[in-house]
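Note sheet for the following structure.
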Amino acid sequence: MTADHETGPNHHHESYTHGHHPSVLSSHEWRTVANSDAYLIPDLVPGLHVLDIGCGPGTITVDLAQRVFPGHVTGVDAAEIVLEKARAHARDAGVDNVDFVVGDTYALDAEDDTYDLVHIHQMLHHLSDPVEALGEARRVAKPAGLVAAREVDYAGAIWYPLLPGLAKWAALYQKVHRSHGGEPDAGRRLKSWAMDAGFSEVDSTASVWCFSSTADREFWGGMWEKRVLESSFAVDAVDGGFATPADLTEISVAWREWADNPRAWLILPHGEVRCRA
Ligand SMILES: C[S@@+](CC[C@H](N)C(=O)[O-])C[C@H]1O[C@@H](n2cnc3c(N)ncnc32)[C@H](O)[C@@H]1O
């Protein structure tokens with residue numbers, strides 16, 4: 001277990017797959033409302049009281065806060081270490097209608113019917129009981145409020161060129177992610193999870209992350225080039241018996257080759273839901 005793997009198993013017998021290695025955080029810091037929450041932009045009106053669960057390093061959270069000003073956003077995450085980054089990011093951005101607190105998505109420290117908007121981005125696919133977490137989000141949303149979630153679907157990823165190392169990455173990703181109790185193909189299940197959580201109304205849409213420009217290929221491919229060797233993902237892949245160090249090197253080299261290829265392209269689909277209690 002590496003030092004970046006500080007979000008330990010909880011009573012749901014899951015643990016956060018990626019840890020918070022710098023290569024992992026770079027992926028979360030790239031995220032904004034524009035590239036990750038476009039489906040929600042019409043709902044982000046001034047004055048809202050918002051909860052962002054599993055906020056990570058807070059780039060989306062701070063963006064939400066700017067859009068709902070003079071409203072307020074509280075970011076909650078299980079890992080204090082990312083919240084320090086989130087607070088620093090808010091300070092640097094000069095945004096003060098936001099705060100960040102440690103908390104558990106299954107047992108939020110909030111009264112019933114508190115928030116106009118409860119927001120979740122890319123957290124449910126790490127959980128063993130996403131329906132329970134959505135139910136808890138529903139509890140703290142006002143009756144006329146909104147619970148909005150967006151989740152990735154890794155098996156839906158498509159890319160070019162078809163490098164064998166990237167196919168190996170996709171297969172390994174499924175195994176490592178599932179070994180932590182999460183569901184890597186959450187996007188396709190999100191609507192069904194929301195219906196199981198008892199919402200009266202569930203609007204469901206989809207969108208993709210597309211990595212094609214030189215900068216975006218460098219970001220995504222460069223991140224995985226390191227992440228597959230250096231983060232807790234690497235340790236868990238080897239310790240779990242899912243890959244050898246040689247496999248990880250092959251995957252890392254493939255991501256570098258992909259990032260350097262101006263013809264390379266990749267999309268990751270996401271499911272989205274906007275739910276009313
Ligand atoms: C993939 S990150 C997403 C961060 C952010 N929402 C974003 O999209 O940039 C998932 C986050 O969920 C947090 N998390 C995992 N399990 C949690 C739990 N039970 N309660 C609260 N946060 C949790 C992790 O610590 C991690 O920061």
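Chain labels follow the order of the structure tokens: the first chain is A, the next B, and so on; residue numbering restarts at 1 in every chain, and ligands are counted from 1 in their shown order.
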Please give me, as a PyMOL selection string, the residues lying within 7 Å of ligand 1 when counting only C-alpha atoms and all ligand atoms.
-> chain A and resi 7+15-16+28-29+31+53-60+76-79+82+103-106+120-123+126-127
Within 12 Å of Pro245 (chain A), counting only C-alpha atoms, which residues show up once you throw out same-chain ones fewer than 4 positions away? Write them as an MDAnalysis selection string, please.
-> chainID A and resid 228:230 233:239 241 249:252
All residues 9 Å or closer to Ala197 (chain A), only C-alpha atoms, same chain fewer than 2 positions away omitted, as a PyMOL selection string = chain A and resi 130-136+138+192-195+199
Go ahead and save the residues from that selection, with N, CA, C and O atoms, as a PDB file, in the first residue's frame.
```
ATOM      1  N   PRO A 130     -23.669   2.413  -4.887  1.00  0.00           N
ATOM      2  CA  PRO A 130     -24.016   3.740  -5.422  1.00  0.00           C
ATOM      3  C   PRO A 130     -25.476   4.113  -5.195  1.00  0.00           C
ATOM      4  O   PRO A 130     -25.802   5.296  -5.075  1.00  0.00           O
ATOM      5  N   VAL A 131     -26.357   3.116  -5.097  1.00  0.00           N
ATOM      6  CA  VAL A 131     -27.777   3.421  -4.890  1.00  0.00           C
ATOM      7  C   VAL A 131     -27.977   4.009  -3.498  1.00  0.00           C
ATOM      8  O   VAL A 131     -28.701   4.994  -3.310  1.00  0.00           O
ATOM      9  N   GLU A 132     -27.287   3.440  -2.507  1.00  0.00           N
ATOM     10  CA  GLU A 132     -27.382   3.991  -1.145  1.00  0.00           C
ATOM     11  C   GLU A 132     -26.860   5.432  -1.133  1.00  0.00           C
ATOM     12  O   GLU A 132     -27.435   6.317  -0.501  1.00  0.00           O
ATOM     13  N   ALA A 133     -25.750   5.673  -1.842  1.00  0.00           N
ATOM     14  CA  ALA A 133     -25.188   7.030  -1.868  1.00  0.00           C
ATOM     15  C   ALA A 133     -26.152   7.999  -2.547  1.00  0.00           C
ATOM     16  O   ALA A 133     -26.319   9.142  -2.096  1.00  0.00           O
ATOM     17  N   LEU A 134     -26.804   7.566  -3.615  1.00  0.00           N
ATOM     18  CA  LEU A 134     -27.779   8.444  -4.281  1.00  0.00           C
ATOM     19  C   LEU A 134     -28.979   8.700  -3.356  1.00  0.00           C
ATOM     20  O   LEU A 134     -29.538   9.797  -3.344  1.00  0.00           O
ATOM     21  N   GLY A 135     -29.359   7.689  -2.579  1.00  0.00           N
ATOM     22  CA  GLY A 135     -30.454   7.864  -1.618  1.00  0.00           C
ATOM     23  C   GLY A 135     -30.093   8.894  -0.554  1.00  0.00           C
ATOM     24  O   GLY A 135     -30.922   9.719  -0.155  1.00  0.00           O
ATOM     25  N   GLU A 136     -28.837   8.864  -0.111  1.00  0.00           N
ATOM     26  CA  GLU A 136     -28.367   9.838   0.885  1.00  0.00           C
ATOM     27  C   GLU A 136     -28.320  11.245   0.259  1.00  0.00           C
ATOM     28  O   GLU A 136     -28.679  12.232   0.904  1.00  0.00           O
ATOM     29  N   ARG A 138     -30.307  12.254  -2.071  1.00  0.00           N
ATOM     30  CA  ARG A 138     -31.730  12.622  -2.173  1.00  0.00           C
ATOM     31  C   ARG A 138     -32.249  13.141  -0.828  1.00  0.00           C
ATOM     32  O   ARG A 138     -33.010  14.113  -0.772  1.00  0.00           O
ATOM     33  N   SER A 192     -30.410   3.668 -14.107  1.00  0.00           N
ATOM     34  CA  SER A 192     -31.056   2.587 -13.361  1.00  0.00           C
ATOM     35  C   SER A 192     -30.804   2.738 -11.854  1.00  0.00           C
ATOM     36  O   SER A 192     -31.713   2.560 -11.033  1.00  0.00           O
ATOM     37  N   TRP A 193     -29.547   3.111 -11.488  1.00  0.00           N
ATOM     38  CA  TRP A 193     -29.247   3.342 -10.063  1.00  0.00           C
ATOM     39  C   TRP A 193     -30.129   4.456  -9.503  1.00  0.00           C
ATOM     40  O   TRP A 193     -30.645   4.353  -8.390  1.00  0.00           O
ATOM     41  N   ALA A 194     -30.285   5.535 -10.290  1.00  0.00           N
ATOM     42  CA  ALA A 194     -31.083   6.672  -9.803  1.00  0.00           C
ATOM     43  C   ALA A 194     -32.537   6.238  -9.610  1.00  0.00           C
ATOM     44  O   ALA A 194     -33.192   6.623  -8.637  1.00  0.00           O
ATOM     45  N   MET A 195     -33.058   5.407 -10.510  1.00  0.00           N
ATOM     46  CA  MET A 195     -34.439   4.931 -10.356  1.00  0.00           C
ATOM     47  C   MET A 195     -34.549   4.043  -9.116  1.00  0.00           C
ATOM     48  O   MET A 195     -35.502   4.137  -8.350  1.00  0.00           O
ATOM     49  N   PHE A 199     -35.956   8.237  -6.824  1.00  0.00           N
ATOM     50  CA  PHE A 199     -36.305   9.567  -7.330  1.00  0.00           C
ATOM     51  C   PHE A 199     -37.597   9.485  -8.145  1.00  0.00           C
ATOM     52  O   PHE A 199     -37.835   8.503  -8.868  1.00  0.00           O
TER      53      PHE A 199
END
```
Which of region 51-244 of chain A counts as strand (DSSP E) under DSSP, as a JSON list (two decimals) with N, CA, C and O atoms, in the first residue's frame please?
```json
[["chain", "number", "residue", "atom", "x", "y", "z"],
["A", 51, "LEU", "N", -24.25, 21.23, -2.65],
["A", 51, "LEU", "CA", -23.33, 20.27, -2.03],
["A", 51, "LEU", "C", -22.67, 19.48, -3.14],
["A", 51, "LEU", "O", -23.35, 18.93, -4.02],
["A", 52, "ASP", "N", -21.33, 19.43, -3.13],
["A", 52, "ASP", "CA", -20.59, 18.66, -4.15],
["A", 52, "ASP", "C", -19.93, 17.49, -3.44],
["A", 52, "ASP", "O", -18.94, 17.65, -2.71],
["A", 53, "ILE", "N", -20.47, 16.29, -3.64],
["A", 53, "ILE", "CA", -20.00, 15.11, -2.89],
["A", 53, "ILE", "C", -18.89, 14.40, -3.67],
["A", 53, "ILE", "O", -19.03, 14.14, -4.86],
["A", 72, "HIS", "N", -23.82, 29.42, -2.30],
["A", 72, "HIS", "CA", -22.69, 28.83, -1.60],
["A", 72, "HIS", "C", -22.54, 27.36, -1.99],
["A", 72, "HIS", "O", -23.54, 26.69, -2.22],
["A", 73, "VAL", "N", -21.30, 26.90, -2.07],
["A", 73, "VAL", "CA", -21.04, 25.49, -2.37],
["A", 73, "VAL", "C", -20.19, 24.88, -1.26],
["A", 73, "VAL", "O", -19.19, 25.47, -0.85],
["A", 74, "THR", "N", -20.62, 23.72, -0.77],
["A", 74, "THR", "CA", -19.79, 22.94, 0.16],
["A", 74, "THR", "C", -19.29, 21.71, -0.58],
["A", 74, "THR", "O", -20.09, 20.96, -1.14],
["A", 75, "GLY", "N", -17.98, 21.52, -0.58],
["A", 75, "GLY", "CA", -17.38, 20.31, -1.15],
["A", 75, "GLY", "C", -17.10, 19.33, -0.02],
["A", 75, "GLY", "O", -16.56, 19.71, 1.02],
["A", 76, "VAL", "N", -17.47, 18.08, -0.24],
["A", 76, "VAL", "CA", -17.24, 17.02, 0.75],
["A", 76, "VAL", "C", -16.38, 15.95, 0.11],
["A", 76, "VAL", "O", -16.63, 15.57, -1.05],
["A", 77, "ASP", "N", -15.40, 15.46, 0.82],
["A", 77, "ASP", "CA", -14.62, 14.34, 0.31],
["A", 77, "ASP", "C", -14.14, 13.52, 1.51],
["A", 77, "ASP", "O", -13.96, 14.04, 2.62],
["A", 98, "VAL", "N", -17.28, 29.19, -0.97],
["A", 98, "VAL", "CA", -17.10, 27.74, -1.03],
["A", 98, "VAL", "C", -16.36, 27.29, 0.22],
["A", 98, "VAL", "O", -15.54, 28.05, 0.77],
["A", 99, "ASP", "N", -16.71, 26.11, 0.74],
["A", 99, "ASP", "CA", -15.92, 25.53, 1.81],
["A", 99, "ASP", "C", -15.78, 24.03, 1.56],
["A", 99, "ASP", "O", -16.53, 23.45, 0.76],
["A", 100, "PHE", "N", -14.79, 23.42, 2.21],
["A", 100, "PHE", "CA", -14.48, 22.02, 1.95],
["A", 100, "PHE", "C", -14.38, 21.27, 3.27],
["A", 100, "PHE", "O", -13.63, 21.69, 4.16],
["A", 101, "VAL", "N", -15.14, 20.19, 3.41],
["A", 101, "VAL", "CA", -15.14, 19.43, 4.66],
["A", 101, "VAL", "C", -14.99, 17.93, 4.39],
["A", 101, "VAL", "O", -15.46, 17.43, 3.35],
["A", 102, "VAL", "N", -14.37, 17.26, 5.35],
["A", 102, "VAL", "CA", -14.26, 15.80, 5.25],
["A", 102, "VAL", "C", -15.63, 15.20, 5.56],
["A", 102, "VAL", "O", -16.33, 15.67, 6.47],
["A", 115, "TYR", "N", -30.26, 21.21, 0.56],
["A", 115, "TYR", "CA", -29.59, 21.81, -0.61],
["A", 115, "TYR", "C", -30.50, 21.95, -1.83],
["A", 115, "TYR", "O", -31.33, 21.08, -2.10],
["A", 116, "ASP", "N", -30.27, 23.05, -2.58],
["A", 116, "ASP", "CA", -30.98, 23.23, -3.86],
["A", 116, "ASP", "C", -30.44, 22.28, -4.91],
["A", 116, "ASP", "O", -31.17, 21.83, -5.79],
["A", 117, "LEU", "N", -29.13, 22.02, -4.81],
["A", 117, "LEU", "CA", -28.48, 21.15, -5.79],
["A", 117, "LEU", "C", -27.45, 20.28, -5.08],
["A", 117, "LEU", "O", -26.60, 20.79, -4.34],
["A", 118, "VAL", "N", -27.55, 18.97, -5.27],
["A", 118, "VAL", "CA", -26.52, 18.04, -4.79],
["A", 118, "VAL", "C", -25.83, 17.49, -6.04],
["A", 118, "VAL", "O", -26.48, 16.92, -6.91],
["A", 119, "HIS", "N", -24.52, 17.70, -6.10],
["A", 119, "HIS", "CA", -23.76, 17.40, -7.31],
["A", 119, "HIS", "C", -22.76, 16.27, -7.02],
["A", 119, "HIS", "O", -22.10, 16.27, -5.97],
["A", 120, "ILE", "N", -22.68, 15.33, -7.95],
["A", 120, "ILE", "CA", -21.71, 14.23, -7.83],
["A", 120, "ILE", "C", -21.05, 14.06, -9.19],
["A", 120, "ILE", "O", -21.75, 13.92, -10.21],
["A", 121, "HIS", "N", -19.73, 14.10, -9.22],
["A", 121, "HIS", "CA", -19.03, 13.84, -10.48],
["A", 121, "HIS", "C", -17.95, 12.79, -10.27],
["A", 121, "HIS", "O", -17.02, 13.00, -9.50],
["A", 141, "ALA", "N", -31.19, 16.78, -0.33],
["A", 141, "ALA", "CA", -31.69, 17.74, -1.33],
["A", 141, "ALA", "C", -33.08, 18.21, -0.91],
["A", 141, "ALA", "O", -33.87, 17.44, -0.35],
["A", 142, "LYS", "N", -33.36, 19.50, -1.19],
["A", 142, "LYS", "CA", -34.70, 20.03, -0.91],
["A", 142, "LYS", "C", -35.72, 19.30, -1.79],
["A", 142, "LYS", "O", -35.37, 18.83, -2.89],
["A", 143, "PRO", "N", -36.98, 19.22, -1.36],
["A", 143, "PRO", "CA", -38.00, 18.51, -2.17],
["A", 143, "PRO", "C", -38.08, 19.03, -3.61],
["A", 143, "PRO", "O", -38.24, 18.25, -4.54],
["A", 144, "ALA", "N", -37.86, 20.34, -3.78],
["A", 144, "ALA", "CA", -37.90, 20.89, -5.15],
["A", 144, "ALA", "C", -36.50, 20.97, -5.75],
["A", 144, "ALA", "O", -36.31, 21.52, -6.84],
["A", 145, "GLY", "N", -35.53, 20.43, -5.03],
["A", 145, "GLY", "CA", -34.13, 20.53, -5.47],
["A", 145, "GLY", "C", -33.77, 19.48, -6.49],
["A", 145, "GLY", "O", -34.60, 18.69, -6.95],
["A", 146, "LEU", "N", -32.49, 19.48, -6.82],
["A", 146, "LEU", "CA", -31.99, 18.61, -7.89],
["A", 146, "LEU", "C", -30.80, 17.81, -7.36],
["A", 146, "LEU", "O", -29.95, 18.34, -6.64],
["A", 147, "VAL", "N", -30.75, 16.52, -7.72],
["A", 147, "VAL", "CA", -29.53, 15.73, -7.53],
["A", 147, "VAL", "C", -29.00, 15.44, -8.93],
["A", 147, "VAL", "O", -29.73, 14.89, -9.77],
["A", 148, "ALA", "N", -27.75, 15.82, -9.18],
["A", 148, "ALA", "CA", -27.17, 15.67, -10.51],
["A", 148, "ALA", "C", -25.89, 14.85, -10.40],
["A", 148, "ALA", "O", -25.05, 15.12, -9.55],
["A", 149, "ALA", "N", -25.77, 13.83, -11.25],
["A", 149, "ALA", "CA", -24.58, 12.98, -11.21],
["A", 149, "ALA", "C", -24.11, 12.67, -12.61],
["A", 149, "ALA", "O", -24.92, 12.54, -13.55],
["A", 150, "ARG", "N", -22.81, 12.56, -12.77],
["A", 150, "ARG", "CA", -22.20, 12.17, -14.06],
["A", 150, "ARG", "C", -21.12, 11.15, -13.77],
["A", 150, "ARG", "O", -20.27, 11.37, -12.91],
["A", 151, "GLU", "N", -21.19, 10.01, -14.50],
["A", 151, "GLU", "CA", -20.25, 8.92, -14.25],
["A", 151, "GLU", "C", -19.71, 8.35, -15.55],
["A", 151, "GLU", "O", -20.44, 8.18, -16.53],
["A", 152, "VAL", "N", -18.46, 7.99, -15.52],
["A", 152, "VAL", "CA", -17.77, 7.45, -16.68],
["A", 152, "VAL", "C", -18.18, 5.99, -16.95],
["A", 152, "VAL", "O", -18.71, 5.32, -16.05],
["A", 158, "ILE", "N", -13.43, 4.28, -26.66],
["A", 158, "ILE", "CA", -12.87, 3.86, -27.95],
["A", 158, "ILE", "C", -11.71, 4.76, -28.31],
["A", 158, "ILE", "O", -11.65, 5.93, -27.91],
["A", 159, "TRP", "N", -10.75, 4.19, -29.00],
["A", 159, "TRP", "CA", -9.53, 4.94, -29.30],
["A", 159, "TRP", "C", -8.91, 4.47, -30.61],
["A", 159, "TRP", "O", -9.27, 3.43, -31.14],
["A", 160, "TYR", "N", -7.96, 5.25, -31.04],
["A", 160, "TYR", "CA", -7.17, 4.96, -32.24],
["A", 160, "TYR", "C", -5.79, 5.56, -32.01],
["A", 160, "TYR", "O", -5.71, 6.64, -31.40],
["A", 201, "GLU", "N", -38.37, 11.60, -10.54],
["A", 201, "GLU", "CA", -38.11, 12.03, -11.92],
["A", 201, "GLU", "C", -36.63, 11.87, -12.19],
["A", 201, "GLU", "O", -35.81, 12.33, -11.39],
["A", 202, "VAL", "N", -36.28, 11.21, -13.27],
["A", 202, "VAL", "CA", -34.86, 11.02, -13.63],
["A", 202, "VAL", "C", -34.70, 11.38, -15.11],
["A", 202, "VAL", "O", -35.21, 10.67, -15.98],
["A", 203, "ASP", "N", -34.02, 12.49, -15.37],
["A", 203, "ASP", "CA", -33.67, 12.85, -16.76],
["A", 203, "ASP", "C", -32.29, 12.30, -17.02],
["A", 203, "ASP", "O", -31.36, 12.57, -16.25],
["A", 204, "SER", "N", -32.10, 11.58, -18.12],
["A", 204, "SER", "CA", -30.80, 10.97, -18.36],
["A", 204, "SER", "C", -30.24, 11.36, -19.72],
["A", 204, "SER", "O", -30.95, 11.30, -20.72],
["A", 205, "THR", "N", -29.00, 11.76, -19.73],
["A", 205, "THR", "CA", -28.31, 12.16, -20.97],
["A", 205, "THR", "C", -26.92, 11.54, -20.97],
["A", 205, "THR", "O", -26.56, 10.79, -20.06],
["A", 206, "ALA", "N", -26.13, 11.87, -21.99],
["A", 206, "ALA", "CA", -24.77, 11.36, -22.06],
["A", 206, "ALA", "C", -23.87, 12.39, -22.73],
["A", 206, "ALA", "O", -24.33, 13.24, -23.49],
["A", 207, "SER", "N", -22.59, 12.31, -22.42],
["A", 207, "SER", "CA", -21.61, 13.17, -23.08],
["A", 207, "SER", "C", -20.26, 12.45, -23.03],
["A", 207, "SER", "O", -20.11, 11.44, -22.34],
["A", 208, "VAL", "N", -19.31, 12.96, -23.78],
["A", 208, "VAL", "CA", -18.00, 12.29, -23.80],
["A", 208, "VAL", "C", -16.89, 13.27, -23.45],
["A", 208, "VAL", "O", -17.02, 14.48, -23.63],
["A", 209, "TRP", "N", -15.82, 12.71, -22.92],
["A", 209, "TRP", "CA", -14.54, 13.41, -22.93],
["A", 209, "TRP", "C", -13.84, 12.95, -24.21],
["A", 209, "TRP", "O", -13.78, 11.73, -24.48],
["A", 210, "CYS", "N", -13.32, 13.89, -24.97],
["A", 210, "CYS", "CA", -12.60, 13.55, -26.19],
["A", 210, "CYS", "C", -11.17, 14.10, -26.11],
["A", 210, "CYS", "O", -10.99, 15.29, -25.86],
["A", 211, "PHE", "N", -10.21, 13.22, -26.25],
["A", 211, "PHE", "CA", -8.80, 13.63, -26.20],
["A", 211, "PHE", "C", -8.21, 13.49, -27.59],
["A", 211, "PHE", "O", -8.03, 12.38, -28.08]]
```
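If you measure from each of A:Gly181, A:Arg91, A:Arg274, A:Arg263 to Ser200 (chain A) using only C-alpha atoms, the closest one turns out to be A:Arg274.
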Please report, as JSON, numbers by chain, each residue of region 123-152 of chain A to which DSSP assigns alpha helix (DSSP H) when run on this structure's backbone.
-> {"A": [130, 131, 132, 133, 134, 135, 136, 137, 138, 139, 140]}
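Considering only C-alpha atoms, the residue among A:Asp37, A:Asp260, A:Asp196, A:Glu183 positioned nearest to Asp216 (chain A) is A:Asp260.
If you look at CA of Gly187 (chain A) and CA of His270 (chain A), they are 5.1 Å away from each other.
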With distances taken over only C-alpha atoms, which of A:Trp265, A:Tyr39, A:Trp30, A:Phe219 is nearest to Leu162 (chain A)?
-> A:Trp265
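Distances from A:Ala110, A:Val273, A:Ala215, A:Leu172 to Ala186 (chain A) were compared using only C-alpha atoms, and the smallest one belongs to A:Val273.
As for CA of Ala65 (chain A) and CA of Asn97 (chain A), they are spaced 6.2 Å apart.
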Closest of A:Glu257, A:Asp247, A:Asp185, A:Glu111 to Glu218 (chain A) - atom-to-atom distances counting only C-alpha atoms | A:Glu257
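Among the candidates A:Glu14, A:Asp43, A:Glu80, A:Asp92, the residue lying nearest to His177 (chain A) is A:Glu14 (atoms considered: only C-alpha atoms).
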